[in-house]
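Remarks on the structure that follows.
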Amino acid sequence: MKVRAVLVSALAASLLVQPARSEDTITIMYSDRPPYMDDSGPMPPQGLTATPTAHAFKNAGVPAVWSKIPTNRQLAMVREGMGKACAVGWFWTEERSHYAKFTKPIYRDKDWYILTNADFAARGYKSLDEMLSHKETRVLVKDQYTYGEQLDKLMHRHSPTIATSTGSNAKMLQSISMGAVDLMFVSEGRRQLPDGACR
């Protein structure tokens, strides 16, 4: 099954086109998530979602500062209207549409891949449906993330065991390699994996 995902920012589209005043500085909230957002080099962060976001602000003449904020806190700040801020790289969902405004897509993911450890892979499942239909299958997901309509519906229909993480991608990969969970989803853009990770 191929799943196409759309990553969007919670920045109101009007902010991208209106002339900026000095008091209109926007806080761009992000979390370090290579290859989408990588702050290991000079600021602003670089990556598949960070770079086009930085260009959009620059081209629109909107002053902005980047602030590294945990993902759950980002959503809370947008929901509570805490200052002029946007959160980069979030999927549109019906729930979020009630409190956030979304830009047009700034990046489209490629296909999704299943990342698992050798023990789980040895079970020989032939399809994602088959994997998820077993209640004991432990799927690791990022807290507050959505994986697109098709994957979300599949997980809801089959109800495998869901483990939620607020940790970094590196910590999630450790959980997979140690066998604490069975699988997680990674996009094609995320196929550069740390040493020791298993596919």
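Just remember, in the structure tokens the first chain shown is A, the second B, etc., residues are 1-based per chain, and ligands are 1-based in the order shown.
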
### Expected answer as JSON, numbers by chain: strand (DSSP E) residues in chain A
{"A": [6, 7, 26, 27, 28, 29, 30, 64, 65, 66, 67, 68, 85, 86, 87, 107, 108, 112, 113, 114, 115, 116, 138, 139, 140, 141, 142, 161, 162, 163, 164, 165, 183, 184, 185, 186, 187]}

Selection from above, C-alpha atoms, as an mmCIF file, in the first residue's frame, can you write it?
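Saved the output as selection_20.cif:
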data_model
loop_
_atom_site.group_PDB
_atom_site.id
_atom_site.type_symbol
_atom_site.label_atom_id
_atom_site.label_comp_id
_atom_site.auth_asym_id
_atom_site.auth_seq_id
_atom_site.Cartn_x
_atom_site.Cartn_y
_atom_site.Cartn_z
ATOM 1 C CA VAL A 6 1.052 16.021 3.323
ATOM 2 C CA LEU A 7 2.997 18.055 5.842
ATOM 3 C CA ILE A 26 6.420 35.440 14.232
ATOM 4 C CA THR A 27 7.832 32.647 16.380
ATOM 5 C CA ILE A 28 8.434 29.567 14.239
ATOM 6 C CA MET A 29 8.196 26.549 16.520
ATOM 7 C CA TYR A 30 10.094 23.443 15.518
ATOM 8 C CA ALA A 64 10.547 35.532 12.278
ATOM 9 C CA VAL A 65 12.533 33.849 15.018
ATOM 10 C CA TRP A 66 12.983 30.078 15.326
ATOM 11 C CA SER A 67 12.298 28.454 18.685
ATOM 12 C CA LYS A 68 12.896 24.785 19.546
ATOM 13 C CA ALA A 85 3.461 31.657 16.382
ATOM 14 C CA CYS A 86 3.331 28.835 13.882
ATOM 15 C CA ALA A 87 4.279 25.172 14.106
ATOM 16 C CA TYR A 107 6.304 19.242 1.484
ATOM 17 C CA ARG A 108 4.791 15.987 0.264
ATOM 18 C CA TRP A 112 5.705 5.084 3.880
ATOM 19 C CA TYR A 113 7.970 2.257 5.009
ATOM 20 C CA ILE A 114 7.690 -0.087 7.961
ATOM 21 C CA LEU A 115 10.707 -0.122 10.254
ATOM 22 C CA THR A 116 10.915 -3.236 12.399
ATOM 23 C CA ARG A 138 3.028 -3.300 19.016
ATOM 24 C CA VAL A 139 3.055 -0.171 16.845
ATOM 25 C CA LEU A 140 5.124 2.795 17.996
ATOM 26 C CA VAL A 141 3.686 6.196 17.089
ATOM 27 C CA LYS A 142 4.749 9.736 17.871
ATOM 28 C CA THR A 161 -1.350 -2.415 20.521
ATOM 29 C CA ILE A 162 -0.321 1.241 20.234
ATOM 30 C CA ALA A 163 2.708 2.565 22.102
ATOM 31 C CA THR A 164 3.013 6.354 22.133
ATOM 32 C CA SER A 165 6.335 8.176 22.295
ATOM 33 C CA LEU A 183 7.297 -1.524 14.278
ATOM 34 C CA MET A 184 7.016 2.128 13.386
ATOM 35 C CA PHE A 185 6.345 4.008 10.166
ATOM 36 C CA VAL A 186 8.964 6.127 8.425
ATOM 37 C CA SER A 187 8.611 8.068 5.216
#

## Note on the structure
Judged by only C-alpha atoms, the minimum distance to Phe91 (chain A) among A:Gly148, A:Gly61, A:Gly124, A:Pro70 is found for A:Gly148

### Query
Nearest to Met37 (chain A): which of A:Leu173, A:Val78, A:His98, A:Thr49 is it, counting only C-alpha atoms?
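Nearest to Met37 (chain A): A:Thr49.
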
### Task
Using DSSP on the backbone coordinates, identify the residues of chain A assigned to helix (DSSP H, G or I); present them as a ChimeraX atom specification.
/A:13-16,22-24,50-60,71-80,94-97,118-121,128-132,149-158,169-177,188-190

With C-alpha atoms retained, write the just-selected residues as a PDB file, in the first residue's frame.
ATOM      1  CA  ALA A  13      -1.844  31.966   4.941  1.00  0.00           C
ATOM      2  CA  SER A  14      -2.532  35.710   5.234  1.00  0.00           C
ATOM      3  CA  LEU A  15       0.684  36.164   7.179  1.00  0.00           C
ATOM      4  CA  LEU A  16       2.640  35.069   4.134  1.00  0.00           C
ATOM      5  CA  SER A  22       8.265  45.455  13.243  1.00  0.00           C
ATOM      6  CA  GLU A  23       5.821  44.170  15.867  1.00  0.00           C
ATOM      7  CA  ASP A  24       4.699  41.371  13.543  1.00  0.00           C
ATOM      8  CA  ALA A  50      12.397  23.899   7.487  1.00  0.00           C
ATOM      9  CA  THR A  51      14.062  25.254   4.346  1.00  0.00           C
ATOM     10  CA  PRO A  52      10.866  26.067   2.388  1.00  0.00           C
ATOM     11  CA  THR A  53       9.369  27.599   5.545  1.00  0.00           C
ATOM     12  CA  ALA A  54      12.384  29.872   6.009  1.00  0.00           C
ATOM     13  CA  HIS A  55      12.228  30.880   2.336  1.00  0.00           C
ATOM     14  CA  ALA A  56       8.497  31.644   2.577  1.00  0.00           C
ATOM     15  CA  PHE A  57       9.008  34.031   5.493  1.00  0.00           C
ATOM     16  CA  LYS A  58      11.999  35.689   3.831  1.00  0.00           C
ATOM     17  CA  ASN A  59      10.217  36.123   0.489  1.00  0.00           C
ATOM     18  CA  ALA A  60       7.120  37.528   2.213  1.00  0.00           C
ATOM     19  CA  THR A  71       5.860  18.940  19.913  1.00  0.00           C
ATOM     20  CA  ASN A  72       2.999  18.707  22.425  1.00  0.00           C
ATOM     21  CA  ARG A  73       3.787  22.214  23.632  1.00  0.00           C
ATOM     22  CA  GLN A  74       3.679  23.481  20.058  1.00  0.00           C
ATOM     23  CA  LEU A  75       0.105  22.289  19.600  1.00  0.00           C
ATOM     24  CA  ALA A  76      -0.893  23.686  22.984  1.00  0.00           C
ATOM     25  CA  MET A  77       0.517  27.119  22.100  1.00  0.00           C
ATOM     26  CA  VAL A  78      -1.344  27.189  18.781  1.00  0.00           C
ATOM     27  CA  ARG A  79      -4.545  25.971  20.460  1.00  0.00           C
ATOM     28  CA  GLU A  80      -4.316  28.553  23.236  1.00  0.00           C
ATOM     29  CA  GLU A  94     -10.472  17.880  11.511  1.00  0.00           C
ATOM     30  CA  GLU A  95      -9.752  18.461  15.206  1.00  0.00           C
ATOM     31  CA  ARG A  96      -6.817  20.784  14.533  1.00  0.00           C
ATOM     32  CA  SER A  97      -8.787  22.745  11.939  1.00  0.00           C
ATOM     33  CA  ALA A 118      14.619  -8.874  12.983  1.00  0.00           C
ATOM     34  CA  ASP A 119      12.452 -10.877  15.403  1.00  0.00           C
ATOM     35  CA  PHE A 120       9.233  -9.293  14.190  1.00  0.00           C
ATOM     36  CA  ALA A 121      10.303  -9.471  10.547  1.00  0.00           C
ATOM     37  CA  LEU A 128       0.336  -4.444   6.481  1.00  0.00           C
ATOM     38  CA  ASP A 129      -3.267  -5.553   7.001  1.00  0.00           C
ATOM     39  CA  GLU A 130      -2.031  -8.896   8.262  1.00  0.00           C
ATOM     40  CA  MET A 131       0.505  -7.289  10.599  1.00  0.00           C
ATOM     41  CA  LEU A 132      -1.976  -4.910  12.142  1.00  0.00           C
ATOM     42  CA  GLU A 149      -5.850   9.137   6.457  1.00  0.00           C
ATOM     43  CA  GLN A 150      -5.137   5.643   5.123  1.00  0.00           C
ATOM     44  CA  LEU A 151      -2.704   4.534   7.829  1.00  0.00           C
ATOM     45  CA  ASP A 152      -4.774   6.093  10.601  1.00  0.00           C
ATOM     46  CA  LYS A 153      -7.894   4.269   9.358  1.00  0.00           C
ATOM     47  CA  LEU A 154      -6.021   0.964   9.144  1.00  0.00           C
ATOM     48  CA  MET A 155      -4.799   1.260  12.725  1.00  0.00           C
ATOM     49  CA  HIS A 156      -8.240   2.247  13.933  1.00  0.00           C
ATOM     50  CA  ARG A 157      -9.866  -0.693  12.134  1.00  0.00           C
ATOM     51  CA  HIS A 158      -7.436  -3.355  13.332  1.00  0.00           C
ATOM     52  CA  ASN A 169      13.328   9.652  16.410  1.00  0.00           C
ATOM     53  CA  ALA A 170      16.623   8.226  17.679  1.00  0.00           C
ATOM     54  CA  LYS A 171      14.953   7.054  20.905  1.00  0.00           C
ATOM     55  CA  MET A 172      12.084   5.543  18.937  1.00  0.00           C
ATOM     56  CA  LEU A 173      14.575   3.640  16.793  1.00  0.00           C
ATOM     57  CA  GLN A 174      16.231   2.324  19.961  1.00  0.00           C
ATOM     58  CA  SER A 175      12.871   1.005  21.143  1.00  0.00           C
ATOM     59  CA  ILE A 176      12.500  -0.883  17.855  1.00  0.00           C
ATOM     60  CA  SER A 177      16.017  -2.350  17.879  1.00  0.00           C
ATOM     61  CA  GLU A 188      10.904   7.590   2.256  1.00  0.00           C
ATOM     62  CA  GLY A 189      12.536  10.879   3.162  1.00  0.00           C
ATOM     63  CA  ARG A 190      13.547   9.392   6.536  1.00  0.00           C
TER      64      ARG A 190
END

### Message
Just checking: using only C-alpha atoms, which residue out of A:Val62, A:Asp38, A:Tyr145, A:Gly167 ends up closest to Thr25 (chain A)?
### Response
A:Val62

### For CA of Asn117 (chain A) and CA of Pro35 (chain A), the interatomic separation in Å (one decimal)
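If I compute the distance from CA of Asn117 (chain A) to CA of Pro35 (chain A), I get 21.9 Å.
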
### Task
Record the distance separating CA of Ser31 (chain A) and CA of Ile106 (chain A), expressed in Å with one decimal.
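Separating CA of Ser31 (chain A) from CA of Ile106 (chain A) is a distance of 16.3 Å.
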
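Here CA of Gly47 (chain A) and CA of Pro34 (chain A) stand 6.9 Å from one another.
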